[in-house]
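Working notes, beginning with the structure itself.
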Amino acid sequence: MPIVTVSRLAKHYGAAHVVRGLDLAIERGVCFGLLGPNGAGKTTTLKMLLGLIEPDAGEIRIFDTAIPQLARNARQNIGVVPQMDNLDPDFTVTENLLIYGRYFGLSDALINSRIPGLLEFAALTSKADSKITTLSGGMKRRLTLARALINDPELLFLDEPTTGLDPQARHVIWQGLRRLTHQGKTILLTTHFMEEAERLCDRLIIMDHGRAIASGNPRDLIAAEIEPAVVEIYGETVGRWAQKHASYYCKRHEITGETLFCYTHDGAALIAHLREQDVLRYVQRPSNLEDVFLKFTGRELRDA
Amino acid sequence: MKDFSLPQFSLRFAPVWRRHFLVWKKLAASSILGNLADPMFYMLGFGYGLGSLMPQVGGAAYLTFLSAGTICYSTMNSSTFEVLYSGFSRMHVQKTWEAILNTPLTLDDIMLAELTWGASKSLLSGLAILAVIWGLGLEHSWLLSLWTLPVILLIGLTFSGMGLVMTALSPSYDFFIYYFTLVITPMVLLCGVFYPVDRMPQFLQIAAALLPLSHAIDLVRPLILGYRPAHIPLHIAAMLAWGGISYWLAVSLTRRRILH
């Protein structure tokens with residue numbers, strides 16, 4: 001029995017249909033990715049799941065509880081890491097955890113017994129009494145994650161948890177999230193870092209224009225949708241090269257700016273050909289989730 | 001429409017109130033100073049300075065007359081400032097509300113915490129003024145002056161409710177200038193804080209009688225001057241109406257702002 005089921009979910013604002021007939025099923029203990037370009041409807045979907053926005057149509061059940069009717073009961077057992085930090089700047093690290101725990105109706109004794117473990121999880125033990133304003137971006141994110149665990153939730157919602165973090169800080173968050181799934185927690189993660197989704201998610205959907213346009217396990221999706229080898233070719237003359245050679249060497253190709261993405265089953269012949277010229281630079285790499293994402297959502301800027 | 005259904009009242013608001021109290025405790029020294037210093041200097045300056053030029057006003061020394069107005073005016077100000085500036089900061093700038101909404105609490109719980117916390121700030125500043133009144137022995141009956149405390153709480157609830165309407169509508173801090181210029185300041189000047197309302201022309205008296213601060217002053221001033229106020233149920237009802245309708249409107253507008 002899935003822990004989250006969503007069927008035919010829809011939400012519109014005026015003429016803008018933000019979510020259009022979304023279906024989801026998230027099994028217990030899974031890290032589930034909700035991927036999509038900006039404006040795909042990810043955050044609206046999360047808010048509907050939390051019962052903070054009422055859907056126009058469709059059905060949501062979390063822990064077999066109807067949302068939004070009984071959303072308060074469901075939220076008792078959900079932890080949320082929002083996109084923007086909203087820690088309480090007037091309080092210390094420990095106070096932030098204590099105050100937040102009280103919102104769940106937990107006793108101070110229970111919250112205080114959980115705080116040391118959460119600080120250790122977030123590698124913030126030495127910062128227990130520091131003011132929020134003195135923390136780095138990475139520390140704030142780790143504290144926000146620890147705060148989301150104060151009610152020992154079964155289910156975690158993370159809305160772009162590593163946006164704005166440097167690579168070191170991002171790896172620490174990833175490590176923390178993997179520990180949580182090993183503990184049996186269920187995670188719903190939105191992101192537009194494809195590497196993040198590929199590493200963490202057992203299953204994912206790619207959303208665009210309010211509906212799911214692809215779903216599955218990341219490795220299966222890559223294998224099913226993308227040729228195994230990708231050669232990226234850069235240079236001013238890449239357009240001219242493409243006209244002459246692309247259809248011969250590539251099974252499929254796309255050009256963005258000065259880069260050509262050549263998708264093929266075997267890049268050897270192409271690489272041999274490229275070695276004989278010195279105008280275009282190139283790199284061969286295995287196909288990844290970003291290729292899948294771009295195949296489905298296109299390469300045009302979404303806010304242009 | 002669902003947004004305009006009646007506000008929900010639940011004790012779940014308590015941890016949010018406690019949060020606001022804890023923030024206040026950290027800054028208590030400066031907050032008490034702010035609550036006290038400004039109205040005190042007005043009261044003492046005008047009371048002694050202007051009062052020395054005047055015979056009795058409303059049957060008492062001008063300082064005593066003014067001290068009752070100061071209670072109302074400063075309690076109105078503290079709840080108004082709290083729900084406007086601090087409330088807007090919690091709602092819009094710091095996103096404190098957004099964090100709370102992800103827990104089992106609801107927007108109505110958050111609003112109730114704002115309402116009661118604004119009133120708590122009023123109570124604190126009312127107490128500060130009362131302490132000065134007691135210290136200077138201005139009250140005519142100590143027992144009657146104690147009855148100002150529930151009135152102060154009612155003033156706090158009324159003006160918190162009214163202020164929250166502005167907070168719900170505000171795009172930025174600058175917006176609140178309108179409320180002070182068009183609502184709060186005229187009320188201070190019309191409703192009898194500094195002089196008896198019956199000294200003004202008829203049409204201004206009628207306008208003043210409709211405003212909530214007049215009703216607050218009509219209750220508090222007699223209690224300081226040592227007699228039982230007239231028309232107690234009317235004044236309480238008028239303030240409850242202002243506060244209640246405003247709070248309902250504030251909750252409705254805030255739901256429309258936050259939950260869509």
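Scheme for the structure tokens: letters A, B, ... for chains in order shown; per-chain residue numbers from 1; ligand numbers from 1 in order shown.
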Please identify which residues in region 50-237 of chain B DSSP calls alpha helix (DSSP H) from the backbone, and express them as number ranges by chain.
B: 62-81, 87-88, 96-101, 107-136, 142-146, 148-169, 176-179, 185-190, 202-210, 212-225, 232-237
Just want the 6 Å neighbourhood of Gly226 (chain B), counted on only C-alpha atoms, with same-chain residues fewer than 2 positions away dropped. Output as a ChimeraX atom specification.
/B:140-141,222-224
Which of B:His215, B:Arg256, B:Arg199, B:Arg221 sits closest to Ala237 (chain B) [using only C-alpha atoms]:
B:His215
With chain B as the partner and 6 Å as the cut-off, tabulate the residues of chain A that qualify, each row holding the nearest pair of atoms and their distance in Å to one decimal, using only C-alpha atoms, sorted by chain and rising number, as JSON lines.
```
{"residue": "A:Leu52", "atom": "CA", "partner": "B:Leu259", "partner_atom": "CA", "distance": 5.9}
{"residue": "A:Ile53", "atom": "CA", "partner": "B:His260", "partner_atom": "CA", "distance": 5.6}
{"residue": "A:Arg72", "atom": "CA", "partner": "B:Pro104", "partner_atom": "CA", "distance": 4.6}
{"residue": "A:Arg75", "atom": "CA", "partner": "B:Pro104", "partner_atom": "CA", "distance": 5.2}
{"residue": "A:Gln76", "atom": "CA", "partner": "B:Pro104", "partner_atom": "CA", "distance": 5.4}
{"residue": "A:Asn86", "atom": "CA", "partner": "B:Lys95", "partner_atom": "CA", "distance": 5.5}
{"residue": "A:Arg102", "atom": "CA", "partner": "B:Pro15", "partner_atom": "CA", "distance": 5.9}
{"residue": "A:Tyr103", "atom": "CA", "partner": "B:Pro15", "partner_atom": "CA", "distance": 6.0}
```
Residues of the last selection are to be written out with C-alpha atoms, as a PDB file, in the first residue's frame.
```
ATOM      1  CA  LEU A  52      -2.063  24.249   2.259  1.00  0.00           C
ATOM      2  CA  ILE A  53      -3.628  24.785  -1.165  1.00  0.00           C
ATOM      3  CA  ARG A  72      -3.569  18.571  10.021  1.00  0.00           C
ATOM      4  CA  ARG A  75       1.181  16.926   8.887  1.00  0.00           C
ATOM      5  CA  GLN A  76       1.705  15.595  12.405  1.00  0.00           C
ATOM      6  CA  ASN A  86      12.656  30.216   7.217  1.00  0.00           C
ATOM      7  CA  ARG A 102       6.195  22.687  20.263  1.00  0.00           C
ATOM      8  CA  TYR A 103       4.135  23.403  17.138  1.00  0.00           C
TER       9      TYR A 103
END
```
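Among the candidates B:Leu138, B:Leu189, B:Leu84, B:Arg257, the residue lying nearest to Tyr62 (chain B) is B:Leu138 (atoms considered: only C-alpha atoms).
Each of B:Ala119, B:Leu50, B:Leu211, B:Leu124 was checked against Leu33 (chain B) using only C-alpha atoms; the smallest atom-to-atom distance is that of B:Leu124.
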List the spatial neighbours of region 159-171 of chain B as a compact mmCIF listing (two decimals) with C-alpha atoms, in the first residue's frame - criterion: any atom at most 6 Å away, only C-alpha atoms, same-chain residues fewer than 3 positions off excluded.
```
# COMPACT_ATOMS: atom_id res chain seq x y z
CA MET B 76 -3.59 51.22 21.14
CA SER B 79 -0.80 46.42 19.70
CA THR B 80 -0.98 48.37 16.43
CA VAL B 83 0.64 43.41 14.50
CA LEU B 84 1.61 45.80 11.72
CA PHE B 88 4.29 41.73 8.69
CA LEU B 115 -4.30 38.78 17.95
CA GLY B 118 -0.78 42.09 20.15
CA GLY B 156 -5.43 45.51 22.78
CA PHE B 175 1.93 50.83 3.35
CA GLY B 243 -12.39 44.27 17.02
CA SER B 246 -11.97 43.54 11.89
CA TYR B 247 -10.53 40.25 13.06
CA ALA B 250 -8.32 40.12 8.72
CA LEU B 253 -8.08 38.43 3.79
CA THR B 254 -5.05 36.63 5.16
```
Residue neighbourhood region 1-5 of chain B, 8 Å, only C-alpha atoms, exclusion window fewer than 5 positions, as a PyMOL selection string
chain B and resi 248-249+251-253+255-256
Kindly export the residues of the current selection with N, CA and C atoms, as a PDB file, in the first residue's frame.
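The resulting selection-v4.pdb:
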```
ATOM      1  N   TRP B 248     -12.358  39.177  11.923  1.00  0.00           N
ATOM      2  CA  TRP B 248     -12.952  38.270  10.919  1.00  0.00           C
ATOM      3  C   TRP B 248     -12.472  38.655   9.508  1.00  0.00           C
ATOM      4  N   LEU B 249     -12.490  39.963   9.237  1.00  0.00           N
ATOM      5  CA  LEU B 249     -12.032  40.430   7.920  1.00  0.00           C
ATOM      6  C   LEU B 249     -10.541  40.127   7.731  1.00  0.00           C
ATOM      7  N   VAL B 251      -8.700  37.762   9.157  1.00  0.00           N
ATOM      8  CA  VAL B 251      -8.464  36.325   8.942  1.00  0.00           C
ATOM      9  C   VAL B 251      -8.852  35.951   7.509  1.00  0.00           C
ATOM     10  N   SER B 252      -9.980  36.471   7.046  1.00  0.00           N
ATOM     11  CA  SER B 252     -10.442  36.137   5.699  1.00  0.00           C
ATOM     12  C   SER B 252      -9.452  36.616   4.641  1.00  0.00           C
ATOM     13  N   LEU B 253      -9.017  37.876   4.779  1.00  0.00           N
ATOM     14  CA  LEU B 253      -8.083  38.426   3.790  1.00  0.00           C
ATOM     15  C   LEU B 253      -6.737  37.711   3.840  1.00  0.00           C
ATOM     16  N   ARG B 255      -6.270  34.552   4.755  1.00  0.00           N
ATOM     17  CA  ARG B 255      -6.440  33.244   4.101  1.00  0.00           C
ATOM     18  C   ARG B 255      -6.322  33.406   2.600  1.00  0.00           C
ATOM     19  N   ARG B 256      -6.961  34.454   2.079  1.00  0.00           N
ATOM     20  CA  ARG B 256      -6.925  34.674   0.628  1.00  0.00           C
ATOM     21  C   ARG B 256      -5.490  34.957   0.171  1.00  0.00           C
TER      22      ARG B 256
END
```
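Distance check against Phe46 (chain B) using only C-alpha atoms: of B:Ser10, B:Thr70, B:Thr116, B:Ser86, the minimum falls on B:Thr70.
With only C-alpha atoms taken into account, the protein and nucleic acid residues at most 8 Å from Lys42 (chain A) (excluding it and anything under 4 positions from it in its own chain) are A:Leu34, A:Leu35, A:Gly36, A:Leu46, A:Thr190, A:Met207.
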Atoms to include: C-alpha atoms. Write the selected residues as a PDB file, in the first residue's frame.
```pdb
ATOM      1  CA  LEU A  34       9.675  15.239  -8.529  1.00  0.00           C
ATOM      2  CA  LEU A  35      11.629  16.783 -11.374  1.00  0.00           C
ATOM      3  CA  GLY A  36      10.742  19.536 -13.756  1.00  0.00           C
ATOM      4  CA  LEU A  46       3.862  19.880  -2.624  1.00  0.00           C
ATOM      5  CA  THR A 190      11.870  18.176  -5.789  1.00  0.00           C
ATOM      6  CA  MET A 207       6.804  17.011 -14.661  1.00  0.00           C
TER       7      MET A 207
END
```
Counting only C-alpha atoms, what is within 9 Å of Thr64 (chain B), bar same-chain residues fewer than 3 positions away, as a PDB file with N, CA and C atoms, in the first residue's frame?
```pdb
ATOM      1  N   GLY B  47       1.360  67.212  30.778  1.00  0.00           N
ATOM      2  CA  GLY B  47       0.601  67.206  32.033  1.00  0.00           C
ATOM      3  C   GLY B  47       1.042  68.318  32.967  1.00  0.00           C
ATOM      4  N   VAL B  57      -9.517  70.017  34.433  1.00  0.00           N
ATOM      5  CA  VAL B  57     -10.110  69.538  33.185  1.00  0.00           C
ATOM      6  C   VAL B  57     -10.920  68.285  33.509  1.00  0.00           C
ATOM      7  N   ALA B  60     -10.690  67.130  37.168  1.00  0.00           N
ATOM      8  CA  ALA B  60      -9.441  66.657  37.783  1.00  0.00           C
ATOM      9  C   ALA B  60      -8.287  67.516  37.282  1.00  0.00           C
ATOM     10  N   ALA B  61      -7.116  67.333  37.900  1.00  0.00           N
ATOM     11  CA  ALA B  61      -5.919  68.011  37.400  1.00  0.00           C
ATOM     12  C   ALA B  61      -5.654  67.521  35.972  1.00  0.00           C
ATOM     13  N   SER B  67      -3.433  61.361  31.925  1.00  0.00           N
ATOM     14  CA  SER B  67      -2.870  60.026  32.180  1.00  0.00           C
ATOM     15  C   SER B  67      -3.849  58.937  31.739  1.00  0.00           C
ATOM     16  N   ALA B  68      -5.143  59.184  31.914  1.00  0.00           N
ATOM     17  CA  ALA B  68      -6.142  58.198  31.478  1.00  0.00           C
ATOM     18  C   ALA B  68      -6.138  58.080  29.954  1.00  0.00           C
ATOM     19  N   GLY B  69      -6.036  59.240  29.270  1.00  0.00           N
ATOM     20  CA  GLY B  69      -5.957  59.205  27.805  1.00  0.00           C
ATOM     21  C   GLY B  69      -4.693  58.491  27.348  1.00  0.00           C
ATOM     22  N   ILE B 133       1.246  55.980  36.997  1.00  0.00           N
ATOM     23  CA  ILE B 133       0.082  56.636  37.616  1.00  0.00           C
ATOM     24  C   ILE B 133       0.025  56.315  39.106  1.00  0.00           C
ATOM     25  N   LEU B 138      -1.733  59.412  41.040  1.00  0.00           N
ATOM     26  CA  LEU B 138      -2.704  60.192  40.267  1.00  0.00           C
ATOM     27  C   LEU B 138      -4.123  59.646  40.358  1.00  0.00           C
ATOM     28  N   GLU B 139      -4.239  58.327  40.551  1.00  0.00           N
ATOM     29  CA  GLU B 139      -5.584  57.726  40.553  1.00  0.00           C
ATOM     30  C   GLU B 139      -6.373  58.184  41.769  1.00  0.00           C
ATOM     31  N   HIS B 140      -7.698  58.329  41.552  1.00  0.00           N
ATOM     32  CA  HIS B 140      -8.524  58.778  42.670  1.00  0.00           C
ATOM     33  C   HIS B 140      -8.979  57.613  43.522  1.00  0.00           C
ATOM     34  N   ARG B 221     -11.156  56.607  31.543  1.00  0.00           N
ATOM     35  CA  ARG B 221     -10.987  57.882  32.254  1.00  0.00           C
ATOM     36  C   ARG B 221     -11.764  57.918  33.576  1.00  0.00           C
ATOM     37  N   ILE B 224      -9.957  56.058  36.303  1.00  0.00           N
ATOM     38  CA  ILE B 224      -8.801  56.749  36.893  1.00  0.00           C
ATOM     39  C   ILE B 224      -9.275  57.931  37.757  1.00  0.00           C
ATOM     40  N   LEU B 225     -10.352  58.590  37.277  1.00  0.00           N
ATOM     41  CA  LEU B 225     -10.845  59.747  38.024  1.00  0.00           C
ATOM     42  C   LEU B 225     -11.732  59.350  39.206  1.00  0.00           C
TER      43      LEU B 225
END
```
Quick one: residues within 8 Å of Val30 (chain A), only C-alpha atoms counted, chain neighbours fewer than 4 positions away excluded, as a count of residues only?
9
